[in-house]
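Below is one structure, written out as structure tokens; the observations come after it.
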Amino acid sequence: MLSVIIATENSEQALVPTLAALVSGATGGLISEVLVADAGSRDGTAMVADVAGCNFMVMDGTTARRLKSAADKARARWLLFLQPGTILDEPWTGDAQRFTDLAAWGQERAAVFRRGAPMQSSLRDALSLMATALGGHSETAADPETDLIRRIGRRRLVRLPSIAYRAP
């Protein structure tokens with residue numbers, strides 16, 4: 001159903017709470033794989049990903065290039081891009097399931113989670129849940145999140161009720 005894609009670089013500490021928040025999606029059958037596209041971390045990022053059962057790939061290039069490369073390797077129709085340190089609140093699995101079920105019958109859409117109070121980033125840093133048919137991150141984008149949101153377009157963007165926030 002969902003392939004989760006996380007670009008990392010020395011993200012050992014931030015990756016732990018992000019992966020912990022995905023457990024309910026994995027045990028509920030919503031997540032089929034987690035792809036960690038790493039830039040060659042020198043900390044324990046690889047070990048954290050391995051213990052969690054992620055597909056860990058070391059890749060050269062920008063964050064955008066690593067996200068795109070991992071998306072090209074994803075097996076699921078739906079992609080969920082997360083940044084290390086992002087935590088999804090508990091009802092995220094039901095919201096994501098409802099969105100993918102409804103979107104399967106209509107036009108191509110993408111969704112973002114609402115930002116929680118602890119998260120200080122803007123919409124450009126929002127999480128993207130999208131069908132692979134919508135495309136992915138541009139390998140050459142200076143700011144991959146802003147570029148992806150712009151290419152998707154606000155008309156095709158749905159805000160899910162679930163909250164995403166940064167780990168303290």
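Residues are referred to by chain and number: the chain letter is A, B, ... according to the order shown in the structure tokens, the number counts from 1 in that chain, and ligands are numbered separately from 1 in the order shown.
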
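Backbone DSSP over stretch 21-119 of chain A gives strand (DSSP E) for Ile31, Ser32, Glu33, Val34, Leu35, Val36, Ala37, Asp38, Asn55, Phe56, Met57, Val58, Trp78, Leu79, Leu80, Phe81, Leu82, Thr86, Ile87, Leu88, Ala110, Ala111, Val112, Phe113, Arg114 and Arg115 of chain A.
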
Any chance you can output those residues with N, CA and C atoms as a PDB file, in the first residue's frame?
```pdb
ATOM      1  N   ILE A  31       1.800  -0.014   5.608  1.00  0.00           N
ATOM      2  CA  ILE A  31       3.153   0.205   5.094  1.00  0.00           C
ATOM      3  C   ILE A  31       3.727  -1.113   4.608  1.00  0.00           C
ATOM      4  N   SER A  32       4.151  -1.125   3.354  1.00  0.00           N
ATOM      5  CA  SER A  32       4.754  -2.338   2.821  1.00  0.00           C
ATOM      6  C   SER A  32       6.276  -2.311   2.887  1.00  0.00           C
ATOM      7  N   GLU A  33       6.861  -1.109   2.941  1.00  0.00           N
ATOM      8  CA  GLU A  33       8.319  -1.009   3.022  1.00  0.00           C
ATOM      9  C   GLU A  33       8.709   0.396   3.467  1.00  0.00           C
ATOM     10  N   VAL A  34       9.897   0.479   4.079  1.00  0.00           N
ATOM     11  CA  VAL A  34      10.488   1.770   4.422  1.00  0.00           C
ATOM     12  C   VAL A  34      11.862   1.802   3.761  1.00  0.00           C
ATOM     13  N   LEU A  35      12.053   2.802   2.914  1.00  0.00           N
ATOM     14  CA  LEU A  35      13.314   2.975   2.200  1.00  0.00           C
ATOM     15  C   LEU A  35      14.063   4.144   2.823  1.00  0.00           C
ATOM     16  N   VAL A  36      15.265   3.903   3.288  1.00  0.00           N
ATOM     17  CA  VAL A  36      16.096   4.948   3.865  1.00  0.00           C
ATOM     18  C   VAL A  36      17.216   5.230   2.876  1.00  0.00           C
ATOM     19  N   ALA A  37      17.198   6.438   2.303  1.00  0.00           N
ATOM     20  CA  ALA A  37      18.183   6.860   1.306  1.00  0.00           C
ATOM     21  C   ALA A  37      19.234   7.714   2.010  1.00  0.00           C
ATOM     22  N   ASP A  38      20.359   7.099   2.333  1.00  0.00           N
ATOM     23  CA  ASP A  38      21.362   7.734   3.170  1.00  0.00           C
ATOM     24  C   ASP A  38      22.516   8.315   2.353  1.00  0.00           C
ATOM     25  N   ASN A  55      14.832  -0.861   4.345  1.00  0.00           N
ATOM     26  CA  ASN A  55      15.727  -1.069   3.218  1.00  0.00           C
ATOM     27  C   ASN A  55      16.671   0.127   3.201  1.00  0.00           C
ATOM     28  N   PHE A  56      17.912  -0.070   3.630  1.00  0.00           N
ATOM     29  CA  PHE A  56      18.892   1.001   3.780  1.00  0.00           C
ATOM     30  C   PHE A  56      19.779   1.049   2.552  1.00  0.00           C
ATOM     31  N   MET A  57      19.825   2.225   1.913  1.00  0.00           N
ATOM     32  CA  MET A  57      20.622   2.398   0.693  1.00  0.00           C
ATOM     33  C   MET A  57      21.520   3.612   0.856  1.00  0.00           C
ATOM     34  N   VAL A  58      22.798   3.452   0.607  1.00  0.00           N
ATOM     35  CA  VAL A  58      23.715   4.582   0.605  1.00  0.00           C
ATOM     36  C   VAL A  58      23.788   5.098  -0.820  1.00  0.00           C
ATOM     37  N   TRP A  78       1.659   4.049  -3.566  1.00  0.00           N
ATOM     38  CA  TRP A  78       1.623   5.289  -2.795  1.00  0.00           C
ATOM     39  C   TRP A  78       2.947   5.494  -2.081  1.00  0.00           C
ATOM     40  N   LEU A  79       3.441   6.734  -2.115  1.00  0.00           N
ATOM     41  CA  LEU A  79       4.704   7.094  -1.486  1.00  0.00           C
ATOM     42  C   LEU A  79       4.443   8.069  -0.345  1.00  0.00           C
ATOM     43  N   LEU A  80       5.106   7.854   0.760  1.00  0.00           N
ATOM     44  CA  LEU A  80       5.034   8.758   1.897  1.00  0.00           C
ATOM     45  C   LEU A  80       6.449   9.238   2.175  1.00  0.00           C
ATOM     46  N   PHE A  81       6.727  10.517   1.910  1.00  0.00           N
ATOM     47  CA  PHE A  81       8.036  11.100   2.158  1.00  0.00           C
ATOM     48  C   PHE A  81       8.054  11.714   3.551  1.00  0.00           C
ATOM     49  N   LEU A  82       9.040  11.319   4.334  1.00  0.00           N
ATOM     50  CA  LEU A  82       9.205  11.865   5.683  1.00  0.00           C
ATOM     51  C   LEU A  82      10.625  12.372   5.857  1.00  0.00           C
ATOM     52  N   THR A  86      10.522  13.599  12.114  1.00  0.00           N
ATOM     53  CA  THR A  86       9.098  13.893  11.982  1.00  0.00           C
ATOM     54  C   THR A  86       8.302  12.753  12.603  1.00  0.00           C
ATOM     55  N   ILE A  87       7.315  13.126  13.416  1.00  0.00           N
ATOM     56  CA  ILE A  87       6.470  12.140  14.083  1.00  0.00           C
ATOM     57  C   ILE A  87       5.032  12.371  13.637  1.00  0.00           C
ATOM     58  N   LEU A  88       4.354  11.300  13.266  1.00  0.00           N
ATOM     59  CA  LEU A  88       2.942  11.354  12.891  1.00  0.00           C
ATOM     60  C   LEU A  88       2.112  10.962  14.097  1.00  0.00           C
ATOM     61  N   ALA A 110      -2.586  14.300  -4.063  1.00  0.00           N
ATOM     62  CA  ALA A 110      -1.538  14.122  -3.066  1.00  0.00           C
ATOM     63  C   ALA A 110      -2.073  14.697  -1.768  1.00  0.00           C
ATOM     64  N   ALA A 111      -1.477  14.311  -0.659  1.00  0.00           N
ATOM     65  CA  ALA A 111      -1.951  14.788   0.639  1.00  0.00           C
ATOM     66  C   ALA A 111      -0.773  15.196   1.504  1.00  0.00           C
ATOM     67  N   VAL A 112      -1.051  16.095   2.420  1.00  0.00           N
ATOM     68  CA  VAL A 112      -0.074  16.489   3.434  1.00  0.00           C
ATOM     69  C   VAL A 112      -0.748  16.387   4.792  1.00  0.00           C
ATOM     70  N   PHE A 113       0.039  16.153   5.808  1.00  0.00           N
ATOM     71  CA  PHE A 113      -0.468  16.141   7.167  1.00  0.00           C
ATOM     72  C   PHE A 113      -0.413  17.557   7.723  1.00  0.00           C
ATOM     73  N   ARG A 114      -1.347  17.877   8.615  1.00  0.00           N
ATOM     74  CA  ARG A 114      -1.329  19.179   9.276  1.00  0.00           C
ATOM     75  C   ARG A 114      -0.100  19.270  10.168  1.00  0.00           C
ATOM     76  N   ARG A 115       0.420  20.487  10.305  1.00  0.00           N
ATOM     77  CA  ARG A 115       1.563  20.697  11.181  1.00  0.00           C
ATOM     78  C   ARG A 115       1.091  20.837  12.607  1.00  0.00           C
TER      79      ARG A 115
END
```

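If you count only C-alpha atoms and ignore residues fewer than 2 places along the chain from A:Thr18, what sits within 6 Å of it is A:Leu15, A:Val16, A:Ala20, A:Ala21, A:Gly85, A:Thr86, A:Ile87.
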
Excluding A:Asp95 and residues on its chain fewer than 3 positions from it, collect all residues at most 9 Å away from it, counting only C-alpha atoms, and give them as a PyMOL selection string.
-> chain A and resi 91-92+98-100+160-162

Which residue out of A:Ile163, A:Val48, A:Leu2, A:Leu148 has the minimum interatomic distance to A:Pro84 when only C-alpha atoms are used?
->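 Among the listed residues, A:Val48 lies closest to A:Pro84.
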
Check the DSSP output for the backbone and give back, as a PyMOL selection string, the residues of stretch 14-168 of chain A in helix (DSSP H, G or I).
-> chain A and resi 14-27+45-51+63-73+92-103+123-125+132-134+144-152+154-156

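Proximity of A:Asp143, A:Arg75, A:Arg109, A:Gly116 to A:Arg155, computed with only C-alpha atoms, is greatest for A:Arg109.
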
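The smallest atom-to-atom distance between A:Thr146 and any of A:Ile5, A:Ala64, A:Ala96, A:Cys54, using only C-alpha atoms, is found for A:Ala64.
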
Could you tell me how far atom CA of A:Arg66 lies from atom CA of A:Thr140, in Å and to one decimal?
->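 One can read the atom CA of A:Arg66 to atom CA of A:Thr140 distance as 10.8 Å.
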
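Note that the spacing between atom CA of A:Thr45 and atom CA of A:Met59 amounts to 13.7 Å.
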
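Picture a line from atom CA of A:Leu19 to atom CA of A:Asp60; it runs 22.8 Å.
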
Looking at only C-alpha atoms, which of A:Asp89, A:Asp147, A:Asp101, A:Glu12 is the one that sits closest to A:Gly44?
-> A:Glu12
